[in-house]
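What follows is a short report on a single structure.
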Amino acid sequence: MAHPRQNPAADRFAIFKEHLRRQGLKSTAQRDDIARVFFASRRHISVEELYNEVKRISPGIGYATVYRTMKLLTECGLAVERHFRDAEARYESASEGRHHDHMICESCGKIVEFEEERIEALQGEVARRLGFQFTGHKMELYGLCRDCQKSQRMPASGATR
């Protein structure tokens with residue numbers, strides 16, 4: 001018997017609706033739009049960026065509504081709030097059981113997620129050696145992405161040799 005195809009976005013939306021119900025909050029069209037746009041986003045998005053995207057489909061949306069909805073999505077475990085180098089909050093979809101780390105370009109702000117089993121194993125080994133019960137970590141590596149490295153090596157236009 002074939003299993004029905006699962007729809008993770010629909011599942012996350014149902015979890016959000018249930019969280020609103022448990023909190024005694026209304027499910028509104030604006031909250032729905034915000035959640036849909038966030039779930040469709042494949043990047044680490046700020047409230048400002050999300051607000052600008054949602055405003056295209058819901059022109060009357062308020063910034064505070066987007067902000068509060070992201071707090072609700074975080075509360076129910078569907079979004080994770082990140083602060084890279086103490087900058088503004090960025091949100092990413094919570095990944096079910098999938099741990100990843102981040103590389104952040106200090107020039108353009110590009111964020112790349114990565115998984116590396118050797119790093120994970122080494123962290124556990126170090127924790128054991130130091131007598132810690134390892135429960136998790138957050139790793140952020142900073143540098144320059146390939147594109148920014150290339151643009152820094154290019155001579156400025158009109159430069160003489």
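Just remember, in the structure tokens the first chain shown is A, the second B, etc., residues are 1-based per chain, and ligands are 1-based in the order shown.
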Selection: 6 Å around segment 113-121 of chain A, only C-alpha atoms, excl. self and same-chain fewer than 4 positions, as a ChimeraX atom specification = /A:100-102
task = Compile the contact shell of Arg12 of chain A as a list in words: residues with an atom at most 10 Å away, counting only C-alpha atoms, same-chain residues fewer than 3 positions apart removed.
result =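 Counting only C-alpha atoms, the residues come to Asn7, Pro8, Ala9, Ile15, Phe16, Lys17, Glu18, Ala35, Arg36, Phe39, Leu73, Cys76, Gly77, Leu78, Ser93 and Ala94 of chain A.
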Those residues with all heavy atoms, as a tab-separated table (two decimals), in the first residue's frame please?
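result-v1.tsv was written with the following content:
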```tsv
chain	number	residue	atom	x	y	z
A	7	ASN	N	2.69	16.66	2.91
A	7	ASN	CA	2.87	18.05	2.54
A	7	ASN	C	3.39	18.79	3.77
A	7	ASN	O	2.59	19.18	4.62
A	7	ASN	CB	1.56	18.64	2.04
A	7	ASN	CG	1.71	20.07	1.59
A	7	ASN	OD1	2.69	20.74	1.89
A	7	ASN	ND2	0.71	20.56	0.87
A	8	PRO	N	4.72	18.95	3.90
A	8	PRO	CA	5.29	19.59	5.09
A	8	PRO	C	4.74	21.00	5.34
A	8	PRO	O	4.51	21.38	6.47
A	8	PRO	CB	6.79	19.63	4.82
A	8	PRO	CG	7.02	18.67	3.72
A	8	PRO	CD	5.75	18.55	2.96
A	9	ALA	N	4.52	21.78	4.28
A	9	ALA	CA	4.00	23.14	4.46
A	9	ALA	C	2.60	23.09	5.07
A	9	ALA	O	2.28	23.87	5.97
A	9	ALA	CB	4.00	23.90	3.14
A	15	ILE	N	-0.07	23.00	12.39
A	15	ILE	CA	0.53	23.18	13.73
A	15	ILE	C	0.35	24.62	14.18
A	15	ILE	O	-0.01	24.89	15.34
A	15	ILE	CB	2.02	22.79	13.71
A	15	ILE	CG1	2.17	21.28	13.53
A	15	ILE	CG2	2.73	23.26	14.98
A	15	ILE	CD1	3.58	20.83	13.20
A	16	PHE	N	0.57	25.57	13.27
A	16	PHE	CA	0.41	26.98	13.59
A	16	PHE	C	-1.04	27.27	13.97
A	16	PHE	O	-1.31	27.95	14.98
A	16	PHE	CB	0.84	27.84	12.39
A	16	PHE	CG	0.71	29.31	12.61
A	16	PHE	CD1	1.29	29.94	13.70
A	16	PHE	CD2	0.00	30.10	11.70
A	16	PHE	CE1	1.18	31.31	13.90
A	16	PHE	CE2	-0.12	31.47	11.88
A	16	PHE	CZ	0.47	32.07	12.99
A	17	LYS	N	-2.00	26.77	13.21
A	17	LYS	CA	-3.42	26.98	13.49
A	17	LYS	C	-3.79	26.43	14.87
A	17	LYS	O	-4.52	27.06	15.63
A	17	LYS	CB	-4.29	26.32	12.42
A	17	LYS	CG	-4.16	26.93	11.05
A	17	LYS	CD	-4.83	28.25	11.00
A	17	LYS	CE	-5.16	28.62	9.57
A	17	LYS	NZ	-5.91	29.84	9.49
A	18	GLU	N	-3.25	25.26	15.18
A	18	GLU	CA	-3.54	24.65	16.48
A	18	GLU	C	-2.93	25.47	17.62
A	18	GLU	O	-3.53	25.64	18.67
A	18	GLU	CB	-3.02	23.20	16.51
A	18	GLU	CG	-3.18	22.49	17.83
A	18	GLU	CD	-4.63	22.36	18.31
A	18	GLU	OE1	-5.57	22.47	17.50
A	18	GLU	OE2	-4.82	22.16	19.53
A	35	ALA	N	2.41	33.49	7.51
A	35	ALA	CA	2.90	32.11	7.68
A	35	ALA	C	3.21	31.48	6.33
A	35	ALA	O	4.26	30.85	6.16
A	35	ALA	CB	1.87	31.28	8.45
A	36	ARG	N	2.33	31.66	5.37
A	36	ARG	CA	2.56	31.06	4.04
A	36	ARG	C	3.83	31.60	3.39
A	36	ARG	O	4.63	30.85	2.84
A	36	ARG	CB	1.36	31.32	3.13
A	36	ARG	CG	0.21	30.41	3.38
A	36	ARG	CD	-0.87	30.55	2.30
A	36	ARG	NE	-2.05	29.81	2.69
A	36	ARG	CZ	-3.12	30.35	3.28
A	36	ARG	NH1	-3.18	31.64	3.50
A	36	ARG	NH2	-4.14	29.59	3.61
A	39	PHE	N	6.86	30.20	5.30
A	39	PHE	CA	7.10	28.79	5.00
A	39	PHE	C	7.67	28.60	3.60
A	39	PHE	O	8.43	27.68	3.35
A	39	PHE	CB	5.83	27.96	5.16
A	39	PHE	CG	5.33	27.87	6.59
A	39	PHE	CD1	3.97	27.77	6.85
A	39	PHE	CD2	6.20	27.88	7.66
A	39	PHE	CE1	3.51	27.68	8.15
A	39	PHE	CE2	5.76	27.80	8.98
A	39	PHE	CZ	4.39	27.69	9.22
A	73	LEU	N	5.15	32.02	15.62
A	73	LEU	CA	5.75	30.89	14.90
A	73	LEU	C	6.96	30.34	15.66
A	73	LEU	O	7.21	29.13	15.65
A	73	LEU	CB	6.14	31.30	13.48
A	73	LEU	CG	4.97	31.51	12.52
A	73	LEU	CD1	5.42	32.24	11.26
A	73	LEU	CD2	4.32	30.18	12.17
A	76	CYS	N	5.75	28.26	18.81
A	76	CYS	CA	5.24	26.91	18.56
A	76	CYS	C	6.26	26.02	17.85
A	76	CYS	O	5.93	24.92	17.42
A	76	CYS	CB	3.91	26.96	17.81
A	76	CYS	SG	3.94	27.57	16.13
A	77	GLY	N	7.51	26.49	17.73
A	77	GLY	CA	8.59	25.65	17.24
A	77	GLY	C	8.70	25.55	15.73
A	77	GLY	O	9.43	24.70	15.23
A	78	LEU	N	8.00	26.41	15.00
A	78	LEU	CA	8.05	26.37	13.54
A	78	LEU	C	9.11	27.29	12.96
A	78	LEU	O	9.49	27.14	11.80
A	78	LEU	CB	6.68	26.72	12.96
A	78	LEU	CG	5.58	25.72	13.30
A	78	LEU	CD1	4.22	26.27	12.89
A	78	LEU	CD2	5.85	24.38	12.64
A	93	SER	N	13.11	28.45	9.04
A	93	SER	CA	12.18	27.37	9.38
A	93	SER	C	12.91	26.37	10.26
A	93	SER	O	14.06	26.04	10.01
A	93	SER	CB	11.68	26.67	8.13
A	93	SER	OG	10.76	27.49	7.45
A	94	ALA	N	12.21	25.94	11.29
A	94	ALA	CA	12.79	24.93	12.17
A	94	ALA	C	12.89	23.63	11.38
A	94	ALA	O	11.93	23.20	10.75
A	94	ALA	CB	11.92	24.74	13.40
```
key: Residue with smallest distance to Cys108 of chain A - pool A:Thr28, A:Gln152, A:Ser46, A:Ser41, counting only C-alpha atoms   =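 Comparing A:Thr28, A:Gln152, A:Ser46, A:Ser41 against Cys108 of chain A, the winner is A:Gln152.
You can rank A:Leu122, A:Met154, A:Cys105, A:Ile111 by their closest distance to Arg43 of chain A using only C-alpha atoms, and at the top of that list sits A:Ile111.
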query = Which parts of segment 6-138 of chain A does DSSP call strand (DSSP E or B) when run on the backbone here, written out as JSON, numbers by chain?
reply = {"A": [45, 46, 79, 80, 81, 82, 90, 91, 92, 93, 101, 102, 103, 104, 105, 111, 112, 113, 114]}
Just write the chosen residues, all heavy atoms, as a compact mmCIF listing (two decimals), in the first residue's frame.
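Output file again21.txt follows:
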```txt
# COMPACT_ATOMS: atom_id res chain seq x y z
N ILE A 45 15.40 35.01 6.96
CA ILE A 45 14.69 36.24 6.59
C ILE A 45 14.46 37.11 7.82
O ILE A 45 14.14 36.62 8.90
CB ILE A 45 13.36 35.88 5.87
CG1 ILE A 45 12.74 37.10 5.21
CG2 ILE A 45 12.38 35.17 6.80
CD1 ILE A 45 11.64 36.75 4.20
N SER A 46 14.65 38.41 7.64
CA SER A 46 14.38 39.35 8.72
C SER A 46 12.90 39.72 8.70
O SER A 46 12.20 39.51 7.70
CB SER A 46 15.23 40.63 8.54
OG SER A 46 14.77 41.38 7.43
N ALA A 79 9.55 28.24 13.75
CA ALA A 79 10.59 29.18 13.31
C ALA A 79 11.66 29.23 14.38
O ALA A 79 11.39 29.03 15.57
CB ALA A 79 10.01 30.57 13.08
N VAL A 80 12.87 29.50 13.94
CA VAL A 80 13.99 29.67 14.87
C VAL A 80 14.54 31.07 14.64
O VAL A 80 14.81 31.46 13.51
CB VAL A 80 15.10 28.62 14.62
CG1 VAL A 80 16.31 28.86 15.52
CG2 VAL A 80 14.55 27.21 14.79
N GLU A 81 14.68 31.80 15.73
CA GLU A 81 15.24 33.16 15.66
C GLU A 81 16.75 33.07 15.80
O GLU A 81 17.26 32.43 16.71
CB GLU A 81 14.66 34.03 16.76
CG GLU A 81 15.12 35.46 16.71
CD GLU A 81 14.46 36.33 17.78
OE1 GLU A 81 13.42 35.95 18.33
OE2 GLU A 81 15.02 37.41 18.07
N ARG A 82 17.47 33.70 14.89
CA ARG A 82 18.93 33.73 14.91
C ARG A 82 19.43 35.16 14.93
O ARG A 82 18.81 36.04 14.33
CB ARG A 82 19.51 33.05 13.66
CG ARG A 82 19.06 31.64 13.43
CD ARG A 82 19.96 30.69 14.16
NE ARG A 82 19.63 29.33 13.80
CZ ARG A 82 19.79 28.32 14.62
NH1 ARG A 82 20.29 28.51 15.81
NH2 ARG A 82 19.46 27.11 14.24
N ARG A 90 17.00 37.24 12.47
CA ARG A 90 16.63 36.58 11.22
C ARG A 90 15.96 35.28 11.61
O ARG A 90 16.32 34.67 12.62
CB ARG A 90 17.86 36.30 10.35
CG ARG A 90 18.48 37.58 9.84
CD ARG A 90 19.43 37.33 8.67
NE ARG A 90 19.69 38.57 8.01
CZ ARG A 90 18.96 39.09 7.02
NH1 ARG A 90 17.94 38.44 6.56
NH2 ARG A 90 19.27 40.24 6.47
N TYR A 91 15.01 34.87 10.82
CA TYR A 91 14.25 33.67 11.12
C TYR A 91 14.45 32.63 10.04
O TYR A 91 14.54 32.95 8.86
CB TYR A 91 12.75 34.00 11.23
CG TYR A 91 12.45 34.92 12.39
CD1 TYR A 91 12.56 36.30 12.26
CD2 TYR A 91 12.10 34.40 13.63
CE1 TYR A 91 12.31 37.13 13.34
CE2 TYR A 91 11.85 35.23 14.72
CZ TYR A 91 11.96 36.60 14.55
OH TYR A 91 11.72 37.42 15.62
N GLU A 92 14.54 31.38 10.48
CA GLU A 92 14.60 30.27 9.54
C GLU A 92 13.58 29.24 9.99
O GLU A 92 13.22 29.17 11.17
CB GLU A 92 15.99 29.66 9.46
CG GLU A 92 16.47 28.99 10.72
CD GLU A 92 17.86 28.36 10.56
OE1 GLU A 92 18.16 27.83 9.50
OE2 GLU A 92 18.62 28.42 11.54
N SER A 93 13.11 28.45 9.04
CA SER A 93 12.18 27.37 9.38
C SER A 93 12.91 26.37 10.26
O SER A 93 14.06 26.04 10.01
CB SER A 93 11.68 26.67 8.13
OG SER A 93 10.76 27.49 7.45
N ASP A 101 24.94 24.07 10.70
CA ASP A 101 25.70 25.24 11.14
C ASP A 101 25.64 26.29 10.03
O ASP A 101 25.07 26.04 8.97
CB ASP A 101 27.13 24.81 11.46
CG ASP A 101 27.18 23.84 12.63
OD1 ASP A 101 26.63 24.18 13.70
OD2 ASP A 101 27.76 22.75 12.48
N HIS A 102 26.24 27.44 10.29
CA HIS A 102 26.13 28.56 9.35
C HIS A 102 27.49 29.17 9.04
O HIS A 102 28.32 29.33 9.92
CB HIS A 102 25.24 29.66 9.94
CG HIS A 102 23.85 29.21 10.22
ND1 HIS A 102 23.47 28.70 11.43
CD2 HIS A 102 22.75 29.19 9.44
CE1 HIS A 102 22.19 28.39 11.38
NE2 HIS A 102 21.72 28.68 10.18
N MET A 103 27.67 29.54 7.76
CA MET A 103 28.81 30.36 7.32
C MET A 103 28.20 31.68 6.85
O MET A 103 27.25 31.67 6.08
CB MET A 103 29.57 29.70 6.17
CG MET A 103 30.23 28.40 6.60
SD MET A 103 31.48 27.87 5.43
CE MET A 103 32.86 28.83 6.00
N ILE A 104 28.74 32.78 7.33
CA ILE A 104 28.18 34.10 7.05
C ILE A 104 29.24 34.97 6.39
O ILE A 104 30.35 35.12 6.92
CB ILE A 104 27.67 34.78 8.33
CG1 ILE A 104 26.57 33.92 9.00
CG2 ILE A 104 27.11 36.16 8.04
CD1 ILE A 104 27.03 33.14 10.16
N CYS A 105 28.90 35.55 5.24
CA CYS A 105 29.82 36.46 4.55
C CYS A 105 29.75 37.82 5.24
O CYS A 105 28.68 38.40 5.40
CB CYS A 105 29.46 36.60 3.08
SG CYS A 105 30.58 37.72 2.20
N ILE A 111 24.25 33.95 3.85
CA ILE A 111 24.30 32.92 4.88
C ILE A 111 24.17 31.56 4.20
O ILE A 111 23.24 31.32 3.44
CB ILE A 111 23.16 33.10 5.91
CG1 ILE A 111 23.27 34.47 6.57
CG2 ILE A 111 23.19 31.97 6.94
CD1 ILE A 111 22.06 34.85 7.39
N VAL A 112 25.14 30.69 4.46
CA VAL A 112 25.13 29.35 3.89
C VAL A 112 25.04 28.34 5.03
O VAL A 112 25.83 28.39 5.97
CB VAL A 112 26.42 29.09 3.06
CG1 VAL A 112 26.45 27.67 2.53
CG2 VAL A 112 26.54 30.10 1.93
N GLU A 113 24.07 27.45 4.93
CA GLU A 113 23.94 26.38 5.91
C GLU A 113 24.80 25.21 5.46
O GLU A 113 24.94 24.95 4.27
CB GLU A 113 22.49 25.91 5.99
CG GLU A 113 21.55 26.97 6.51
CD GLU A 113 20.10 26.50 6.54
OE1 GLU A 113 19.80 25.40 6.02
OE2 GLU A 113 19.28 27.25 7.07
N PHE A 114 25.38 24.51 6.45
CA PHE A 114 26.16 23.32 6.11
C PHE A 114 26.08 22.31 7.24
O PHE A 114 25.77 22.65 8.38
CB PHE A 114 27.62 23.68 5.80
CG PHE A 114 28.42 24.10 6.99
CD1 PHE A 114 29.20 23.18 7.70
CD2 PHE A 114 28.41 25.42 7.43
CE1 PHE A 114 29.94 23.57 8.80
CE2 PHE A 114 29.14 25.82 8.53
CZ PHE A 114 29.91 24.89 9.22
```
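In this model, the gap between atom CA of His44 of chain A and atom CA of Arg153 of chain A comes to 27.8 Å.
Across A:Gln123, A:Val66, A:Asp11, A:Gln23, the tightest approach to Val37 of chain A is made by A:Val66 when counting only C-alpha atoms.
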query = So what do you get for atom CA of Asp147 of chain A versus atom CA of Gly109 of chain A, distance-wise?
reply =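 Computed distance, atom CA of Asp147 of chain A to atom CA of Gly109 of chain A, equals 11.6 Å.
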ask   = Among segment 33-151 of chain A, which residues carry a DSSP assignment of helix (DSSP H, G or I), reported as JSON, numbers by chain?
value = {"A": [33, 34, 35, 36, 37, 38, 39, 40, 47, 48, 49, 50, 51, 52, 53, 54, 55, 56, 57, 63, 64, 65, 66, 67, 68, 69, 70, 71, 72, 73, 74, 75, 117, 118, 119, 120, 121, 122, 123, 124, 125, 126, 127, 128, 129, 146, 147, 148, 149, 150, 151]}
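Taking atom CA of Ala64 of chain A as the reference point, atom CA of Gly24 of chain A is found at 19.0 Å.
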Taking only residues of segment 37-96 of chain A that have an atom at most 12 Å from an atom of segment 127-146 of chain A, what is each one's shortest atom pair and its distance in Å to one decimal, using only C-alpha atoms, in chain and number order, as JSON lines?
```
{"residue": "A:Arg82", "atom": "CA", "partner": "A:Lys138", "partner_atom": "CA", "distance": 9.9}
{"residue": "A:His83", "atom": "CA", "partner": "A:Glu140", "partner_atom": "CA", "distance": 10.1}
{"residue": "A:Phe84", "atom": "CA", "partner": "A:Glu140", "partner_atom": "CA", "distance": 7.5}
{"residue": "A:Arg85", "atom": "CA", "partner": "A:Glu140", "partner_atom": "CA", "distance": 8.7}
{"residue": "A:Asp86", "atom": "CA", "partner": "A:Glu140", "partner_atom": "CA", "distance": 11.7}
```
Can you write out the residues you just picked, keeping N, CA and C atoms, as an mmCIF file, in the first residue's frame?
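The new file out.cif reads:
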```
data_model
loop_
_atom_site.group_PDB
_atom_site.id
_atom_site.type_symbol
_atom_site.label_atom_id
_atom_site.label_comp_id
_atom_site.auth_asym_id
_atom_site.auth_seq_id
_atom_site.Cartn_x
_atom_site.Cartn_y
_atom_site.Cartn_z
ATOM 1 N N ARG A 82 17.467 33.705 14.887
ATOM 2 C CA ARG A 82 18.932 33.727 14.906
ATOM 3 C C ARG A 82 19.427 35.160 14.929
ATOM 4 N N HIS A 83 20.530 35.363 15.601
ATOM 5 C CA HIS A 83 21.210 36.661 15.601
ATOM 6 C C HIS A 83 22.655 36.388 15.205
ATOM 7 N N PHE A 84 23.025 36.770 13.993
ATOM 8 C CA PHE A 84 24.384 36.571 13.534
ATOM 9 C C PHE A 84 25.185 37.829 13.814
ATOM 10 N N ARG A 85 26.258 37.678 14.573
ATOM 11 C CA ARG A 85 27.112 38.808 14.955
ATOM 12 C C ARG A 85 26.303 39.966 15.538
ATOM 13 N N ASP A 86 25.336 39.627 16.379
ATOM 14 C CA ASP A 86 24.513 40.615 17.074
ATOM 15 C C ASP A 86 23.763 41.547 16.133
#
```
message = Env of Ala29 of chain A: 12 Å cut, atoms = only C-alpha atoms, seq-sep filter 3 positions within chain, self excluded. Answer as a PyMOL selection string.
response = chain A and resi 17+26+32-36+54+57-58+60-61+65+69
